[in-house]
$ cat data.txt   # compact mmCIF, C-alpha atoms
# COMPACT_ATOMS: atom_id res chain seq x y z
CA MET A 20 -47.05 31.34 -13.42
CA PRO A 21 -45.35 28.13 -12.21
CA LEU A 22 -43.25 26.41 -14.86
CA ASP A 23 -43.71 22.96 -13.31
CA ARG A 24 -47.49 23.12 -13.92
CA PHE A 25 -46.83 24.34 -17.47
CA ASN A 26 -44.63 21.33 -18.24
CA ALA A 27 -46.64 18.75 -16.29
CA PHE A 28 -49.91 19.54 -18.05
CA THR A 29 -48.24 19.58 -21.47
CA ASP A 30 -46.48 16.27 -20.85
CA GLY A 31 -49.76 14.76 -19.69
CA VAL A 32 -51.59 15.73 -22.87
CA PHE A 33 -48.73 14.36 -25.01
CA ALA A 34 -48.84 11.07 -23.08
CA ILE A 35 -52.64 10.77 -23.41
CA ALA A 36 -52.54 11.54 -27.15
CA ILE A 37 -49.92 8.83 -27.74
CA THR A 38 -51.92 6.37 -25.64
CA LEU A 39 -55.09 7.08 -27.63
CA LEU A 40 -53.18 6.36 -30.85
CA VAL A 41 -52.40 2.79 -29.81
CA LEU A 42 -56.03 2.15 -28.84
CA GLU A 43 -56.89 2.35 -32.56
CA LEU A 44 -54.89 -0.86 -33.15
CA THR A 45 -57.08 -3.94 -32.81
CA VAL A 46 -56.05 -7.50 -31.96
CA PRO A 47 -57.04 -9.91 -34.77
CA ALA A 48 -59.68 -12.52 -34.00
CA GLY A 49 -58.40 -15.92 -32.91
CA GLU A 50 -60.08 -17.91 -35.70
CA GLY A 51 -57.98 -16.71 -38.66
CA ARG A 52 -54.26 -16.67 -39.45
CA LEU A 53 -52.41 -14.14 -37.35
CA LEU A 54 -49.75 -12.73 -39.72
CA PRO A 55 -52.10 -12.10 -42.68
CA ALA A 56 -54.56 -10.44 -40.30
CA LEU A 57 -51.82 -8.17 -38.95
CA ALA A 58 -50.68 -7.38 -42.51
CA GLU A 59 -54.21 -6.20 -43.31
CA GLN A 60 -53.78 -3.54 -40.61
CA TRP A 61 -50.76 -1.94 -42.28
CA ARG A 62 -52.63 1.36 -42.62
CA GLU A 63 -53.32 1.52 -38.88
CA PHE A 64 -49.71 0.69 -38.03
CA LEU A 65 -48.44 3.31 -40.49
CA GLY A 66 -50.74 5.96 -39.04
CA TYR A 67 -49.64 5.04 -35.52
CA LEU A 68 -45.97 5.27 -36.50
CA ILE A 69 -46.31 8.67 -38.21
CA SER A 70 -48.30 10.25 -35.37
CA PHE A 71 -46.19 8.68 -32.61
CA VAL A 72 -42.99 10.04 -34.15
CA PHE A 73 -44.61 13.45 -34.70
CA ILE A 74 -45.80 13.75 -31.09
CA GLY A 75 -42.39 12.52 -29.91
CA GLY A 76 -40.69 15.21 -31.98
CA ILE A 77 -42.95 17.96 -30.66
CA TRP A 78 -42.39 16.74 -27.10
CA VAL A 79 -38.58 16.75 -27.49
CA SER A 80 -38.64 20.24 -29.06
CA HIS A 81 -40.98 21.54 -26.34
CA ALA A 82 -38.83 20.03 -23.58
CA GLY A 83 -35.66 21.48 -25.10
CA MET A 84 -37.21 24.95 -25.22
CA THR A 85 -38.80 24.97 -21.78
CA LYS A 86 -35.49 23.81 -20.29
CA LEU A 87 -34.22 27.30 -21.15
CA MET A 88 -37.16 29.02 -19.42
CA ARG A 89 -37.14 30.48 -15.92
CA GLN A 90 -40.90 31.07 -15.86
CA ALA A 91 -44.06 31.11 -17.99
CA ASP A 92 -46.58 33.91 -18.45
CA GLY A 93 -50.19 34.13 -19.59
CA VAL A 94 -49.30 34.41 -23.28
CA SER A 95 -47.04 31.35 -23.24
CA TYR A 96 -49.74 29.39 -21.39
CA GLY A 97 -52.28 30.44 -24.03
CA ILE A 98 -50.07 29.46 -26.98
CA ASP A 99 -49.23 26.18 -25.26
CA LEU A 100 -52.92 25.37 -24.81
CA LEU A 101 -53.55 26.15 -28.49
CA MET A 102 -50.76 23.76 -29.46
CA LEU A 103 -52.28 21.07 -27.21
CA LEU A 104 -55.65 21.59 -28.90
CA PHE A 105 -54.12 20.39 -32.18
CA VAL A 106 -52.04 17.64 -30.55
CA GLY A 107 -55.11 16.35 -28.68
CA ILE A 108 -57.16 15.93 -31.87
CA LEU A 109 -54.34 14.08 -33.65
CA PRO A 110 -55.65 10.58 -32.75
CA PHE A 111 -58.93 11.50 -34.48
CA SER A 112 -57.29 12.84 -37.65
CA THR A 113 -54.94 9.83 -37.71
CA ASN A 114 -57.90 7.44 -37.55
CA LEU A 115 -59.68 9.50 -40.21
CA MET A 116 -56.69 9.25 -42.56
CA VAL A 117 -56.08 5.51 -42.16
CA THR A 118 -59.80 4.68 -42.44
CA HIS A 119 -60.12 6.52 -45.77
CA LEU A 120 -56.67 5.71 -47.17
CA SER A 121 -58.14 3.36 -49.78
CA GLY A 122 -61.52 5.08 -50.21
CA PRO A 123 -62.88 7.74 -52.57
CA ASP A 124 -62.15 10.55 -50.08
CA VAL A 125 -58.49 9.69 -49.55
CA GLU A 126 -57.31 13.12 -50.72
CA ALA A 127 -59.52 14.95 -48.22
CA ALA A 128 -58.55 12.62 -45.37
CA VAL A 129 -54.80 12.97 -46.03
CA VAL A 130 -55.08 16.76 -46.38
CA ILE A 131 -57.03 17.04 -43.10
CA TYR A 132 -54.34 15.04 -41.32
CA GLY A 133 -51.61 17.22 -42.81
CA VAL A 134 -53.39 20.41 -41.77
CA ASN A 135 -53.70 19.04 -38.23
CA VAL A 136 -49.96 18.32 -38.09
CA LEU A 137 -49.16 21.70 -39.65
CA LEU A 138 -51.24 23.62 -37.09
CA ALA A 139 -49.58 21.77 -34.21
CA SER A 140 -46.15 22.57 -35.69
CA LEU A 141 -47.03 26.22 -36.28
CA THR A 142 -48.26 26.76 -32.73
CA LEU A 143 -45.13 25.12 -31.31
CA SER A 144 -43.03 27.44 -33.49
CA LEU A 145 -45.10 30.42 -32.33
CA LEU A 146 -44.47 29.40 -28.71
CA MET A 147 -40.73 29.15 -29.35
CA PHE A 148 -40.70 32.50 -31.16
CA TYR A 149 -42.56 34.16 -28.29
CA ILE A 150 -40.25 32.72 -25.63
CA ALA A 151 -37.19 33.75 -27.65
CA SER A 152 -38.53 37.31 -27.95
CA GLU A 153 -39.35 37.61 -24.22
CA ARG A 154 -35.94 37.48 -22.56
CA SER A 155 -37.55 37.85 -19.12
CA LEU A 156 -38.87 34.28 -19.51
CA VAL A 157 -35.44 32.83 -20.35
CA VAL A 158 -32.75 31.81 -17.87
CA ASP A 159 -29.62 33.93 -17.73
CA GLY A 160 -26.69 33.03 -19.94
CA VAL A 161 -28.64 31.63 -22.89
CA ALA A 162 -27.27 33.08 -26.13
CA ASP A 163 -29.61 34.62 -28.69
CA GLU A 164 -28.10 32.28 -31.29
CA THR A 165 -29.30 29.25 -29.30
CA LEU A 166 -32.87 30.53 -29.23
CA GLU A 167 -32.80 31.51 -32.90
CA ALA A 168 -31.49 28.07 -33.90
CA LYS A 169 -34.39 26.37 -32.12
CA VAL A 170 -36.91 28.57 -33.92
CA ARG A 171 -35.13 28.18 -37.28
CA GLN A 172 -35.09 24.38 -37.27
CA ARG A 173 -38.87 24.32 -36.87
CA TRP A 174 -39.36 26.20 -40.16
CA VAL A 175 -37.65 23.39 -42.08
CA VAL A 176 -40.23 20.91 -40.76
CA ILE A 177 -43.11 23.30 -41.44
CA ALA A 178 -41.97 23.91 -45.03
CA LEU A 179 -41.84 20.16 -45.70
CA ASN A 180 -45.29 19.73 -44.17
CA VAL A 181 -46.74 22.42 -46.47
CA VAL A 182 -45.20 20.62 -49.47
CA ALA A 183 -46.72 17.32 -48.27
CA ILE A 184 -50.19 18.89 -48.00
CA ALA A 185 -49.89 20.23 -51.55
CA VAL A 186 -48.82 16.78 -52.78
CA ALA A 187 -51.78 15.19 -50.94
CA VAL A 188 -54.22 16.95 -53.26
CA VAL A 189 -52.95 14.96 -56.27
CA LEU A 190 -50.89 12.07 -54.83
CA PRO A 191 -52.25 11.28 -51.34
CA LEU A 192 -50.25 8.09 -50.80
CA ALA A 193 -47.02 9.89 -51.70
CA ALA A 194 -48.00 12.61 -49.22
CA VAL A 195 -48.32 9.99 -46.47
CA GLY A 196 -44.70 9.00 -47.20
CA LEU A 197 -43.71 12.67 -46.97
CA TYR A 198 -45.53 12.97 -43.64
CA LEU A 199 -43.43 10.07 -42.35
CA ILE A 200 -40.19 11.70 -43.55
CA THR A 201 -41.22 15.06 -42.09
CA THR A 202 -42.10 13.62 -38.68
CA ILE A 203 -38.83 11.66 -38.51
CA LEU A 204 -36.98 14.89 -39.31
CA ALA A 205 -39.02 16.74 -36.65
CA LEU A 206 -37.80 14.20 -34.10
CA ALA A 207 -34.21 13.91 -35.38
CA LEU A 208 -33.39 17.64 -35.53
CA PRO A 209 -33.98 18.44 -31.83
CA LEU A 210 -32.23 15.21 -30.78
CA ILE A 211 -29.18 16.14 -32.87
CA GLN A 212 -29.22 19.64 -31.40
CA LEU A 213 -29.39 18.20 -27.86
CA ARG A 214 -26.38 15.99 -28.60
CA ARG A 215 -24.40 18.95 -29.94
CA HIS A 216 -25.38 21.04 -26.91
CA ARG A 217 -24.07 18.35 -24.55
CA ARG A 218 -20.76 18.32 -26.41

$ encode --input "data.txt" --output "structure tokens"
Amino acid sequence: MPLDRFNAFTDGVFAIAITLLVLELTVPAGEGRLLPALAEQWREFLGYLISFVFIGGIWVSHAGMTKLMRQADGVSYGIDLLMLLFVGILPFSTNLMVTHLSGPDVEAAVVIYGVNVLLASLTLSLLMFYIASERSLVVDGVADETLEAKVRQRWVVIALNVVAIAVAVVLPLAAVGLYLITTILALALPLIQLRRHRR
């Protein structure tokens, strides 16, 4: 199956998901004071930041992996679509979390968001693991160590996400902070690896 269609569709879903995130931010009414009104939306801005960084990290990791591919097959298309299922619903779970961040169901909302992020991370890791195990999909000259390193770095992010979900059950606001740290790490690790690869 053509790799350009594989990447183009994936990039399109990532772009739409990020665009939908920003649509949840509302412009304050013109009658009141601007800065206090913006400060009241701190939950929405925090949710946008966390999800934007997470999608950015997944996109960088996905791009770094598919750069090593010569072609895609039916299984990789299927896993990719499953990953996009969880990425596509992220604007909804983000809105759910920020809406209930100060309500009685904050624990449930923060856990649901964490599970959404975890499932997206797991399916990306599954895609990377599958590609690494199917050498016929990989361009010639790519070392096994390179593929294994890409898969291995994802497990660090997943482990932190599982910890954050567990924390969300008792300390949901602390879990939101952990989500932010985890997503920043998910973006930083592939960027660092790309920089090392260039060197």

$ closest_residue --input "data.txt" --among "A:Ile184, A:Leu137, A:Leu44, A:Leu87" --to "Asp159 (chain A)" --atoms "all atoms listed in the file"
A:Leu87

$ closest_residue --input "data.txt" --among "A:Ile74, A:Asp92, A:Phe148, A:Glu63" --to "Arg24 (chain A)" --atoms "only C-alpha atoms"
A:Asp92

$ closest_residue --input "data.txt" --among "A:Leu65, A:Leu104, A:Val161, A:Leu210" --to "Asn135 (chain A)" --atoms "only C-alpha atoms"
A:Leu104

$ atom_distance --input "data.txt" --atom1 "CA of Gly83 (chain A)" --atom2 "CA of Pro209 (chain A)"
7.6 Å

$ residues_near_point --input "data.txt" --point "(-55.4, -1.2, -47.2)" --cutoff "12 Å" --atoms "only C-alpha atoms" --output "list in words"
Ala56, Leu57, Ala58, Glu59, Gln60, Trp61, Arg62, Glu63, Phe64, Leu65, Gly66, Met116, Val117, Thr118, His119, Leu120, Ser121, Gly122, Val125 and Leu192 of chain A

$ write_last_selection --input "data.txt" --atoms "C-alpha atoms" --output "PDB file, in the frame of the given file"
ATOM      1  CA  ALA A  56     -54.560 -10.440 -40.300  1.00  0.00           C
ATOM      2  CA  LEU A  57     -51.820  -8.170 -38.950  1.00  0.00           C
ATOM      3  CA  ALA A  58     -50.680  -7.380 -42.510  1.00  0.00           C
ATOM      4  CA  GLU A  59     -54.210  -6.200 -43.310  1.00  0.00           C
ATOM      5  CA  GLN A  60     -53.780  -3.540 -40.610  1.00  0.00           C
ATOM      6  CA  TRP A  61     -50.760  -1.940 -42.280  1.00  0.00           C
ATOM      7  CA  ARG A  62     -52.630   1.360 -42.620  1.00  0.00           C
ATOM      8  CA  GLU A  63     -53.320   1.520 -38.880  1.00  0.00           C
ATOM      9  CA  PHE A  64     -49.710   0.690 -38.030  1.00  0.00           C
ATOM     10  CA  LEU A  65     -48.440   3.310 -40.490  1.00  0.00           C
ATOM     11  CA  GLY A  66     -50.740   5.960 -39.040  1.00  0.00           C
ATOM     12  CA  MET A 116     -56.690   9.250 -42.560  1.00  0.00           C
ATOM     13  CA  VAL A 117     -56.080   5.510 -42.160  1.00  0.00           C
ATOM     14  CA  THR A 118     -59.800   4.680 -42.440  1.00  0.00           C
ATOM     15  CA  HIS A 119     -60.120   6.520 -45.770  1.00  0.00           C
ATOM     16  CA  LEU A 120     -56.670   5.710 -47.170  1.00  0.00           C
ATOM     17  CA  SER A 121     -58.140   3.360 -49.780  1.00  0.00           C
ATOM     18  CA  GLY A 122     -61.520   5.080 -50.210  1.00  0.00           C
ATOM     19  CA  VAL A 125     -58.490   9.690 -49.550  1.00  0.00           C
ATOM     20  CA  LEU A 192     -50.250   8.090 -50.800  1.00  0.00           C
TER      21      LEU A 192
END

$ closest_residue --input "data.txt" --among "A:Pro47, A:Gly76, A:Pro55, A:Gly196" --to "Gln172 (chain A)" --atoms "all atoms listed in the file"
A:Gly76

$ atom_distance --input "data.txt" --atom1 "CA of Thr201 (chain A)" --atom2 "CA of Thr45 (chain A)"
26.4 Å

$ atom_distance --input "data.txt" --atom1 "CA of Tyr198 (chain A)" --atom2 "CA of Leu40 (chain A)"
16.3 Å
